[in-house]
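Comments concern the structure below.
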Amino acid sequence: MADEWQEGPAIDTADRLSAEALIVDVDGFEGPLDLLLTLARTQKVDLRRVSVLHLAEQYLGFVDRVRGLRIELAADYLVMAAWLVYLKSRLLLPPDPTEEGPSAEDLAARLAFQLERLAAMRVAAARLMARDRLGRDRFARGLPEDMAVRRSVSFTATLLDLMRAYARIRTRDEFRPFSMNRDDVFTMEQALDRLRTLVGGTVGWTDLAAFLPEGWTSPARRRSATASHFAAVLELARNGQIDLRQAVTFGPLSLRRRPT
Amino acid sequence: MTDDPLAPPLFAPPPLPEQERMAEAILFASVAPVSLAELFARMPEGSDPAEALAGLRQRYEGRGVVLAKVGDAWAFRTAPDLGHLMRREVVEERKLSRAAIETLAIIAYHQPVTRAEIEEIRGVAVSRGTVDMLLELDWIRLGRRRMTPGRPVTFVVTEQFLDHFGLESARDLPGIAELRAAGLLDGRPGPVVPGTGEDEDGLSEGQPELFED
Amino acid sequence: MTDDPLAPPLFAPPPLPEQERMAEAILFASVAPVSLAELFARMPEGSDPAEALAGLRQRYEGRGVVLAKVGDAWAFRTAPDLGHLMRREVVEERKLSRAAIETLAIIAYHQPVTRAEIEEIRGVAVSRGTVDMLLELDWIRLGRRRMTPGRPVTFVVTEQFLDHFGLESARDLPGIAELRAAGLLDGRPGPVVPGTGEDEDGLSEGQPELFED
């Protein structure tokens with residue numbers, strides 16, 4: 001095709017069509033650079049000879065049309081748009097000899113470089129993936145030899161395991177109050193064990209408080225013991241081993257062995 | 001199908017040397033010995049696996065690897081006289097316990113670090129077995145004693161540790177912020193089960209003296 | 001033991017053809033590439049595994065199974081043109097996302113490379129989990145930290161990467177010489193285009209060290 005090599009910023013119909021077709025797929029781009037690269041391709045010139053001015057116009061036109069369709073664009077697309085407006089104005093104005101920093105041409109050249117590099121990396125990635133790959137085109141020995149083995153255990157861990165372990169510890173920090181001394185915790189299992197034996201020896205209704213273990217008198221211990229014993233009697237009642245009774249709301253809780 | 005004796009068959013089988021290559025590759029990659037029937041099924045139509053195997057067998061005669069018949073099937077085997085080269089310590093790989101990996105991580109990130117400091121960071125006691133195991137693995141070693149009351153020993157990671165984890169130095173460990181930024185970490189904290197370290201072996205306060213130097 | 005006058009002295013290294021057989025047997029028996037150092041350790045004293053490998057490589061040229069160099073190690077692998085016969089050995093692979101593939105290529109061609117540099121090249125943030133996945137595949141690992149402000153972590157490719165893609169070394173990446181000649185692997189002074197990565201770690205030092213001669 002002769003016009004493959006056609007230069008210059010003229011926007012022909014084909015370009016317009018392809019740029020418009022892009023709108024449909026606005027989610028398909030991996031960021032502004034990807035979009036710029038796709039737009040640059042519509043210029044149908046070698047990336048080195050792409051017209052950055054034209055490219056800026058293409059991009060800004062694209063952004064306008066997308067917004068016209070009330071499609072929300074991610075912030076980085078808009079940041080890029082703002083930068084391209086700036087670049088475009090600098091490219092159009094005569095150079096200001098007093099201005100510091102890179103010239104407009106430098107900036108344009110660097111953008112072109114980034115596009116070329118991204119395109120090159122994509123080609124490289126494709127070539128890499130197209131290589132003869134192990135497990136698909138090339139194969140290792142399927143039946144590794146049985147060796148006379150002397151077994152020993154080796155412990156392994158990957159760096160990822162290590163980093164995750166560390167992260168686990170650090171994120172647990174916020175919950176440190178929970179890793180309290182278990183001396184002050186009376187578990188429900190313990191309470192169940194206690195009650196199963198104690199309930200057998202009772203006659204008639206007895207206050208739950210009477211079943212609490214001795215020595216659990218500090219506020220924290222008492223709270224823990226009460227809670228676990230309360231949970232335990234519910235469990236026993238559910239299993240039909242005891243009856244529970246409470247005369248008034250928040251009143252004392254009594255229990256008795258269910259008559260058999 | 002054709003009755004012209006000079007016409008080449010529609011799908012000519014590959015030449016014999018090519019068939020040998022094919023049989024060689026199939027036998028090599030297969031996870032079990034391969035029967036003649038299977039070779040026949042896998043090679044292009046018109047191939048003669050028996051012939052290919054014969055050629056292959058000859059080719060490997062006297063080599064370090066020989067073509068051996070196993071029941072009705074064929075497989076490559078180490079030449080019997082080289083069996084001594086195959087004696088190897090086969091190591092069974094096991095994952096480190098959670099306690100061990102956490103302890104190791106703390107040492108790596110905080111070294112030199114004392115046992116009391118490890119326990120403070122983990123929130124549970126560190127068992128003697130865990131530390132011993134990491135010492136035995138040569139992943140940690142004793143560092144300088146801390147110049148504080150009791151002169152507790154400290155732990156640091158070793159050369160072997162760096163080697164195993166593919167690090168150039170302990171400073172190359174990524175920081176938490178970096179890990180999160182790189183998507184290596186879940187944002188949410190891990191399941192928090194208080195006091196369920198598998199290794200609370202009622203260690204008393206202070207530094208163990210088992211690491212006397 | 002023997003009274004054959006031609007028998008080699010008791011402790012002389014085995015003759016080269018015998019060494020070739022040994023290397024052949026060891027490499028055949030192993031799934032993973034075997035390093036020169038390991039061959040050296042497993043062969044009788046005085047052996048020259050490099051020489052044996054050279055002979056072996058030649059012997060297997062054009063066969064159904066070929067000797068491949070993977071970094072500093074060696075492995076037998078089936079010839080790539082016979083992959084179609086091995087369909088039943090194909091391991092189903094996780095489908096890699098475009099982001100993962102590009103990130104992998106950038107790490108391979110630009111290594112050692114920081115996350116910010118990857119983001120500058122791709123123009124988007126490295127997505128959560130992409131690096132994680134490449135690490136889990138054992139295709140990349142952490143390299144040396146960059147000696148720039150913030151001391152960012154770098155990534156490099158692994159031996160498994162080379163093995164998987166059939167490369168002898170990272171120098172053999174397809175087209176790398178051309179890309180280098182075109183200046184496309186050079187670091188450039190700071191990104192000029194906004195919104196391409198956080199630029200948190202002094203990109204000016206973007207020179208890969210791996211390919212220095």
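Chain labels follow the order of the structure tokens: the first chain is A, the next B, and so on; residue numbering restarts at 1 in every chain, and ligands are counted from 1 in their shown order.
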Residues of chain A no more than 9 Å from chain C, counting only C-alpha atoms: send them over as a compact mmCIF listing (two decimals) with C-alpha atoms, in the first residue's frame.
```
# COMPACT_ATOMS: atom_id res chain seq x y z
CA GLU A 30 -4.64 -0.02 29.28
CA GLY A 31 -4.11 3.60 30.06
CA PRO A 32 -3.44 6.76 28.06
CA LEU A 33 -0.17 5.52 26.59
CA ASP A 34 -1.93 2.50 25.14
CA ALA A 75 -8.36 10.59 35.73
CA ASP A 76 -5.08 9.63 34.11
CA TYR A 77 -6.65 10.03 30.66
CA VAL A 79 -4.18 14.34 33.01
CA MET A 80 -2.72 13.20 29.72
CA TRP A 83 -0.53 17.71 29.19
CA LEU A 84 -1.16 17.28 25.48
CA LEU A 107 9.05 16.76 24.82
CA ARG A 110 10.31 11.83 24.30
CA LEU A 111 6.66 11.04 23.90
CA PHE A 113 10.19 7.48 22.26
CA GLN A 114 7.83 6.20 24.92
CA LEU A 115 5.38 5.07 22.30
CA GLU A 116 8.06 3.39 20.28
CA ARG A 117 9.42 1.67 23.36
CA LEU A 118 5.99 0.43 24.42
CA ALA A 120 8.77 -2.55 20.91
CA MET A 121 8.08 -4.21 24.25
CA ARG A 122 4.80 -5.55 22.93
CA ALA A 124 9.16 -8.48 22.20
CA ALA A 125 6.49 -9.94 24.49
CA ALA A 126 4.76 -11.55 21.53
CA ARG A 127 8.02 -13.00 20.25
CA LEU A 128 8.80 -14.29 23.70
CA MET A 129 5.44 -15.99 24.06
CA ALA A 130 5.78 -17.47 20.59
CA ARG A 131 8.98 -19.28 21.48
CA ASP A 132 9.12 -23.04 21.83
CA ARG A 133 7.99 -23.31 25.38
CA LEU A 134 8.62 -25.97 27.94
CA GLY A 135 5.55 -28.06 28.55
CA ARG A 136 4.00 -27.00 25.26
CA ASP A 137 6.59 -27.46 22.51
CA ARG A 138 9.56 -28.86 24.37
CA PHE A 139 9.36 -31.41 27.10
CA ALA A 140 11.42 -32.53 30.00
CA ARG A 141 12.00 -36.15 30.88
CA GLY A 142 8.65 -37.56 31.80
CA LEU A 143 9.98 -40.40 33.84
CA PRO A 144 12.83 -39.18 35.94
CA GLU A 145 15.01 -42.03 37.09
CA ASP A 146 14.38 -43.75 40.36
CA MET A 147 17.50 -43.11 42.25
CA LEU A 159 10.27 -15.63 49.63
CA LEU A 160 6.59 -15.04 49.12
```
Exercise: Gly55 (chain B) partners within 12 Å, only C-alpha atoms, chain neighbours under 2 positions left out, as a VMD selection string: chain B and resid 16 to 24 48 to 53 57 to 61 67
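Separating CA of Leu208 (chain A) from CA of Ala191 (chain A) is a distance of 11.7 Å.
The interatomic distance for the pair CA of Glu168 (chain B) and CA of Thr171 (chain A) works out to 26.4 Å.
Picture a line from CA of Arg151 (chain C) to CA of Ala170 (chain C); it runs 24.2 Å.
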Skip Phe155 (chain C) itself and residues of its chain fewer than 3 positions away, then list as an MDAnalysis selection string all residues within 8 Å of it, counting only C-alpha atoms. chainID C and resid 107 111:115 140:144
Just the selected residues (C-alpha atoms), exported as a PDB file, in the first residue's frame, please.
```
ATOM      1  CA  ILE C 107      11.455  -7.369  33.270  1.00  0.00           C
ATOM      2  CA  GLN C 111      16.344  -6.265  34.093  1.00  0.00           C
ATOM      3  CA  PRO C 112      17.070  -5.389  36.781  1.00  0.00           C
ATOM      4  CA  VAL C 113      14.052  -3.133  36.695  1.00  0.00           C
ATOM      5  CA  THR C 114      11.954  -1.446  39.370  1.00  0.00           C
ATOM      6  CA  ARG C 115       8.220  -1.384  39.530  1.00  0.00           C
ATOM      7  CA  ILE C 140      10.915 -13.617  38.146  1.00  0.00           C
ATOM      8  CA  ARG C 141      12.627 -12.975  41.429  1.00  0.00           C
ATOM      9  CA  LEU C 142      13.875 -10.039  43.402  1.00  0.00           C
ATOM     10  CA  GLY C 143      17.192  -8.611  42.336  1.00  0.00           C
ATOM     11  CA  ARG C 144      19.445  -6.147  44.035  1.00  0.00           C
TER      12      ARG C 144
END
```
With the cut-off set at 12 Å and counting only C-alpha atoms, tabulate each residue of region 157-212 of chain A with an atom at most that distance from an atom of region 235-244 of chain A, showing the nearest atom pair and its distance in Å to one decimal, ordered by chain and increasing number, as a tab-separated table.
```
residue	atom	partner	partner_atom	distance
A:Met188	CA	A:Glu235	CA	9.6
A:Glu189	CA	A:Glu235	CA	10.6
A:Ala191	CA	A:Glu235	CA	10.6
A:Leu192	CA	A:Leu236	CA	7.9
A:Asp193	CA	A:Leu236	CA	10.7
A:Arg194	CA	A:Leu236	CA	11.7
A:Leu195	CA	A:Leu236	CA	8.7
A:Arg196	CA	A:Leu236	CA	8.2
A:Thr197	CA	A:Gln241	CA	11.7
A:Leu198	CA	A:Ile242	CA	11.7
A:Val199	CA	A:Ile242	CA	8.1
A:Gly200	CA	A:Gln241	CA	9.7
A:Thr202	CA	A:Ile242	CA	10.9
A:Val203	CA	A:Ile242	CA	11.6
A:Gly204	CA	A:Asp243	CA	10.2
A:Trp205	CA	A:Leu244	CA	8.6
A:Thr206	CA	A:Leu244	CA	9.7
A:Asp207	CA	A:Leu244	CA	9.8
A:Leu208	CA	A:Leu244	CA	9.4
```
Generate the output file for the selected residues, N, CA and C atoms, as a PDB file, in the first residue's frame.
```pdb
ATOM      1  N   MET A 188     -15.555 -22.096  76.624  1.00  0.00           N
ATOM      2  CA  MET A 188     -16.840 -22.760  76.712  1.00  0.00           C
ATOM      3  C   MET A 188     -16.657 -24.258  76.886  1.00  0.00           C
ATOM      4  N   GLU A 189     -15.610 -24.821  76.272  1.00  0.00           N
ATOM      5  CA  GLU A 189     -15.366 -26.252  76.430  1.00  0.00           C
ATOM      6  C   GLU A 189     -15.112 -26.587  77.894  1.00  0.00           C
ATOM      7  N   ALA A 191     -16.128 -24.863  80.450  1.00  0.00           N
ATOM      8  CA  ALA A 191     -17.366 -24.665  81.193  1.00  0.00           C
ATOM      9  C   ALA A 191     -18.296 -25.866  81.004  1.00  0.00           C
ATOM     10  N   LEU A 192     -18.355 -26.362  79.765  1.00  0.00           N
ATOM     11  CA  LEU A 192     -19.204 -27.521  79.491  1.00  0.00           C
ATOM     12  C   LEU A 192     -18.765 -28.719  80.332  1.00  0.00           C
ATOM     13  N   ASP A 193     -17.471 -28.951  80.329  1.00  0.00           N
ATOM     14  CA  ASP A 193     -16.943 -30.077  81.104  1.00  0.00           C
ATOM     15  C   ASP A 193     -17.318 -29.959  82.580  1.00  0.00           C
ATOM     16  N   ARG A 194     -17.108 -28.742  83.085  1.00  0.00           N
ATOM     17  CA  ARG A 194     -17.422 -28.503  84.496  1.00  0.00           C
ATOM     18  C   ARG A 194     -18.886 -28.784  84.784  1.00  0.00           C
ATOM     19  N   LEU A 195     -19.737 -28.163  83.952  1.00  0.00           N
ATOM     20  CA  LEU A 195     -21.165 -28.234  84.229  1.00  0.00           C
ATOM     21  C   LEU A 195     -21.693 -29.662  84.115  1.00  0.00           C
ATOM     22  N   ARG A 196     -21.171 -30.404  83.122  1.00  0.00           N
ATOM     23  CA  ARG A 196     -21.670 -31.772  82.944  1.00  0.00           C
ATOM     24  C   ARG A 196     -21.500 -32.573  84.230  1.00  0.00           C
ATOM     25  N   THR A 197     -20.375 -32.364  84.888  1.00  0.00           N
ATOM     26  CA  THR A 197     -20.172 -33.121  86.125  1.00  0.00           C
ATOM     27  C   THR A 197     -20.955 -32.501  87.284  1.00  0.00           C
ATOM     28  N   LEU A 198     -20.951 -31.155  87.329  1.00  0.00           N
ATOM     29  CA  LEU A 198     -21.597 -30.508  88.477  1.00  0.00           C
ATOM     30  C   LEU A 198     -23.111 -30.689  88.481  1.00  0.00           C
ATOM     31  N   VAL A 199     -23.726 -30.565  87.286  1.00  0.00           N
ATOM     32  CA  VAL A 199     -25.186 -30.612  87.202  1.00  0.00           C
ATOM     33  C   VAL A 199     -25.716 -31.941  87.726  1.00  0.00           C
ATOM     34  N   GLY A 200     -24.967 -32.989  87.497  1.00  0.00           N
ATOM     35  CA  GLY A 200     -25.385 -34.312  87.948  1.00  0.00           C
ATOM     36  C   GLY A 200     -25.648 -34.363  89.450  1.00  0.00           C
ATOM     37  N   THR A 202     -26.786 -31.954  91.405  1.00  0.00           N
ATOM     38  CA  THR A 202     -27.701 -30.965  91.975  1.00  0.00           C
ATOM     39  C   THR A 202     -29.110 -31.521  92.106  1.00  0.00           C
ATOM     40  N   VAL A 203     -29.816 -30.945  93.023  1.00  0.00           N
ATOM     41  CA  VAL A 203     -31.225 -31.281  93.180  1.00  0.00           C
ATOM     42  C   VAL A 203     -32.001 -29.982  93.072  1.00  0.00           C
ATOM     43  N   GLY A 204     -33.004 -29.955  92.232  1.00  0.00           N
ATOM     44  CA  GLY A 204     -33.857 -28.781  92.112  1.00  0.00           C
ATOM     45  C   GLY A 204     -33.167 -27.630  91.407  1.00  0.00           C
ATOM     46  N   TRP A 205     -33.782 -26.465  91.465  1.00  0.00           N
ATOM     47  CA  TRP A 205     -33.286 -25.291  90.748  1.00  0.00           C
ATOM     48  C   TRP A 205     -32.114 -24.671  91.479  1.00  0.00           C
ATOM     49  N   THR A 206     -31.060 -24.380  90.756  1.00  0.00           N
ATOM     50  CA  THR A 206     -29.882 -23.755  91.351  1.00  0.00           C
ATOM     51  C   THR A 206     -29.484 -22.554  90.501  1.00  0.00           C
ATOM     52  N   ASP A 207     -29.059 -21.509  91.171  1.00  0.00           N
ATOM     53  CA  ASP A 207     -28.617 -20.297  90.466  1.00  0.00           C
ATOM     54  C   ASP A 207     -27.335 -20.604  89.679  1.00  0.00           C
ATOM     55  N   LEU A 208     -27.284 -20.120  88.451  1.00  0.00           N
ATOM     56  CA  LEU A 208     -26.092 -20.335  87.610  1.00  0.00           C
ATOM     57  C   LEU A 208     -24.830 -19.826  88.298  1.00  0.00           C
TER      58      LEU A 208
END
```
Residues of region 21-160 of chain C in strand (DSSP E) according to DSSP, as number ranges by chain? C: 34-35, 65-70, 73-78, 113-114, 140-142, 154-157
If we count only C-alpha atoms, what is near Tyr59 (chain A) at a cut-off of 12 Å, once residues fewer than 3 positions away on the same chain are taken out, given as an MDAnalysis selection string? chainID A and resid 16 19:20 22:23 32:40 42 52:56 62:66 77:85 88
What would the file look like if the residues just selected were written as a tab-separated table (two decimals), in the first residue's frame with N, CA, C and O atoms?
```tsv
chain	number	residue	atom	x	y	z
A	16	ARG	N	-10.57	8.97	10.57
A	16	ARG	CA	-11.74	9.36	11.35
A	16	ARG	C	-12.54	8.13	11.75
A	16	ARG	O	-12.95	7.99	12.90
A	19	ALA	N	-10.74	6.14	14.35
A	19	ALA	CA	-10.72	6.83	15.64
A	19	ALA	C	-12.09	6.73	16.30
A	19	ALA	O	-12.20	6.58	17.51
A	20	GLU	N	-13.14	6.81	15.46
A	20	GLU	CA	-14.47	6.70	16.04
A	20	GLU	C	-14.75	5.29	16.51
A	20	GLU	O	-15.41	5.07	17.53
A	22	LEU	N	-12.82	3.47	17.86
A	22	LEU	CA	-12.15	3.29	19.15
A	22	LEU	C	-13.09	3.59	20.31
A	22	LEU	O	-12.96	3.05	21.39
A	23	ILE	N	-14.02	4.50	20.04
A	23	ILE	CA	-14.88	4.93	21.14
A	23	ILE	C	-15.64	3.76	21.75
A	23	ILE	O	-15.79	3.66	22.95
A	32	PRO	N	-3.58	5.76	29.12
A	32	PRO	CA	-3.44	6.76	28.06
A	32	PRO	C	-2.35	6.43	27.05
A	32	PRO	O	-2.50	6.71	25.86
A	33	LEU	N	-1.26	5.82	27.51
A	33	LEU	CA	-0.17	5.52	26.59
A	33	LEU	C	-0.62	4.50	25.55
A	33	LEU	O	-0.29	4.59	24.37
A	34	ASP	N	-1.39	3.53	26.02
A	34	ASP	CA	-1.93	2.50	25.14
A	34	ASP	C	-2.85	3.14	24.10
A	34	ASP	O	-2.77	2.85	22.91
A	35	LEU	N	-3.69	4.05	24.56
A	35	LEU	CA	-4.60	4.74	23.65
A	35	LEU	C	-3.80	5.56	22.63
A	35	LEU	O	-4.07	5.51	21.43
A	36	LEU	N	-2.79	6.28	23.11
A	36	LEU	CA	-1.96	7.08	22.20
A	36	LEU	C	-1.31	6.20	21.15
A	36	LEU	O	-1.23	6.56	19.97
A	37	LEU	N	-0.86	5.03	21.58
A	37	LEU	CA	-0.19	4.13	20.65
A	37	LEU	C	-1.17	3.67	19.57
A	37	LEU	O	-0.84	3.65	18.38
A	38	THR	N	-2.37	3.35	19.99
A	38	THR	CA	-3.37	2.91	19.03
A	38	THR	C	-3.69	4.04	18.05
A	38	THR	O	-3.80	3.82	16.84
A	39	LEU	N	-3.82	5.26	18.58
A	39	LEU	CA	-4.09	6.41	17.70
A	39	LEU	C	-2.92	6.64	16.75
A	39	LEU	O	-3.11	6.94	15.57
A	40	ALA	N	-1.70	6.51	17.27
A	40	ALA	CA	-0.52	6.73	16.44
A	40	ALA	C	-0.51	5.76	15.27
A	40	ALA	O	-0.11	6.11	14.16
A	42	THR	N	-2.94	4.75	13.62
A	42	THR	CA	-3.83	5.17	12.54
A	42	THR	C	-3.15	6.16	11.61
A	42	THR	O	-3.63	6.41	10.52
A	52	VAL	N	3.58	14.20	16.30
A	52	VAL	CA	3.10	14.30	17.67
A	52	VAL	C	1.99	15.34	17.77
A	52	VAL	O	1.03	15.18	18.52
A	53	LEU	N	2.11	16.39	16.96
A	53	LEU	CA	1.07	17.41	16.97
A	53	LEU	C	-0.26	16.80	16.54
A	53	LEU	O	-1.29	16.97	17.19
A	54	HIS	N	-0.20	16.07	15.46
A	54	HIS	CA	-1.40	15.41	14.97
A	54	HIS	C	-1.93	14.42	16.01
A	54	HIS	O	-3.13	14.32	16.26
A	55	LEU	N	-1.00	13.74	16.63
A	55	LEU	CA	-1.37	12.74	17.64
A	55	LEU	C	-2.09	13.42	18.81
A	55	LEU	O	-3.12	12.93	19.30
A	56	ALA	N	-1.57	14.57	19.22
A	56	ALA	CA	-2.20	15.31	20.32
A	56	ALA	C	-3.62	15.68	19.92
A	56	ALA	O	-4.57	15.56	20.71
A	62	PHE	N	-10.48	12.54	20.53
A	62	PHE	CA	-11.05	11.30	21.09
A	62	PHE	C	-11.68	11.57	22.46
A	62	PHE	O	-12.82	11.17	22.72
A	63	VAL	N	-10.94	12.30	23.29
A	63	VAL	CA	-11.44	12.57	24.64
A	63	VAL	C	-12.73	13.38	24.57
A	63	VAL	O	-13.69	13.11	25.29
A	64	ASP	N	-12.76	14.36	23.64
A	64	ASP	CA	-13.99	15.17	23.48
A	64	ASP	C	-15.17	14.30	23.11
A	64	ASP	O	-16.26	14.43	23.67
A	65	ARG	N	-14.94	13.42	22.15
A	65	ARG	CA	-16.06	12.61	21.67
A	65	ARG	C	-16.54	11.66	22.77
A	65	ARG	O	-17.73	11.44	22.93
A	66	VAL	N	-15.61	11.12	23.50
A	66	VAL	CA	-16.01	10.21	24.58
A	66	VAL	C	-16.83	10.95	25.63
A	66	VAL	O	-17.86	10.48	26.09
A	77	TYR	N	-6.40	9.63	32.04
A	77	TYR	CA	-6.65	10.03	30.66
A	77	TYR	C	-6.79	11.56	30.57
A	77	TYR	O	-6.37	12.18	29.60
A	78	LEU	N	-7.39	12.12	31.60
A	78	LEU	CA	-7.62	13.57	31.60
A	78	LEU	C	-6.31	14.31	31.88
A	78	LEU	O	-6.05	15.36	31.30
A	79	VAL	N	-5.49	13.74	32.74
A	79	VAL	CA	-4.18	14.34	33.01
A	79	VAL	C	-3.38	14.38	31.72
A	79	VAL	O	-2.76	15.38	31.36
A	80	MET	N	-3.43	13.27	31.00
A	80	MET	CA	-2.72	13.20	29.72
A	80	MET	C	-3.28	14.24	28.76
A	80	MET	O	-2.52	14.91	28.05
A	81	ALA	N	-4.58	14.38	28.75
A	81	ALA	CA	-5.20	15.36	27.84
A	81	ALA	C	-4.69	16.76	28.16
A	81	ALA	O	-4.32	17.52	27.26
A	82	ALA	N	-4.64	17.09	29.45
A	82	ALA	CA	-4.18	18.42	29.85
A	82	ALA	C	-2.73	18.64	29.41
A	82	ALA	O	-2.36	19.69	28.90
A	83	TRP	N	-1.94	17.59	29.57
A	83	TRP	CA	-0.53	17.71	29.19
A	83	TRP	C	-0.40	17.90	27.68
A	83	TRP	O	0.42	18.67	27.19
A	84	LEU	N	-1.24	17.18	26.94
A	84	LEU	CA	-1.16	17.28	25.48
A	84	LEU	C	-1.62	18.66	25.00
A	84	LEU	O	-1.10	19.17	24.00
A	85	VAL	N	-2.57	19.26	25.70
A	85	VAL	CA	-2.99	20.63	25.36
A	85	VAL	C	-1.79	21.56	25.51
A	85	VAL	O	-1.48	22.38	24.65
A	88	LYS	N	0.77	20.82	22.80
A	88	LYS	CA	0.30	21.31	21.52
A	88	LYS	C	0.53	22.82	21.41
A	88	LYS	O	1.06	23.30	20.41
```
Among region 50-159 of chain B, which residues does DSSP mark as alpha helix (DSSP H) when it is run on the backbone? Keep the chain and numbering as in the structure and answer as a count of residues only. 41
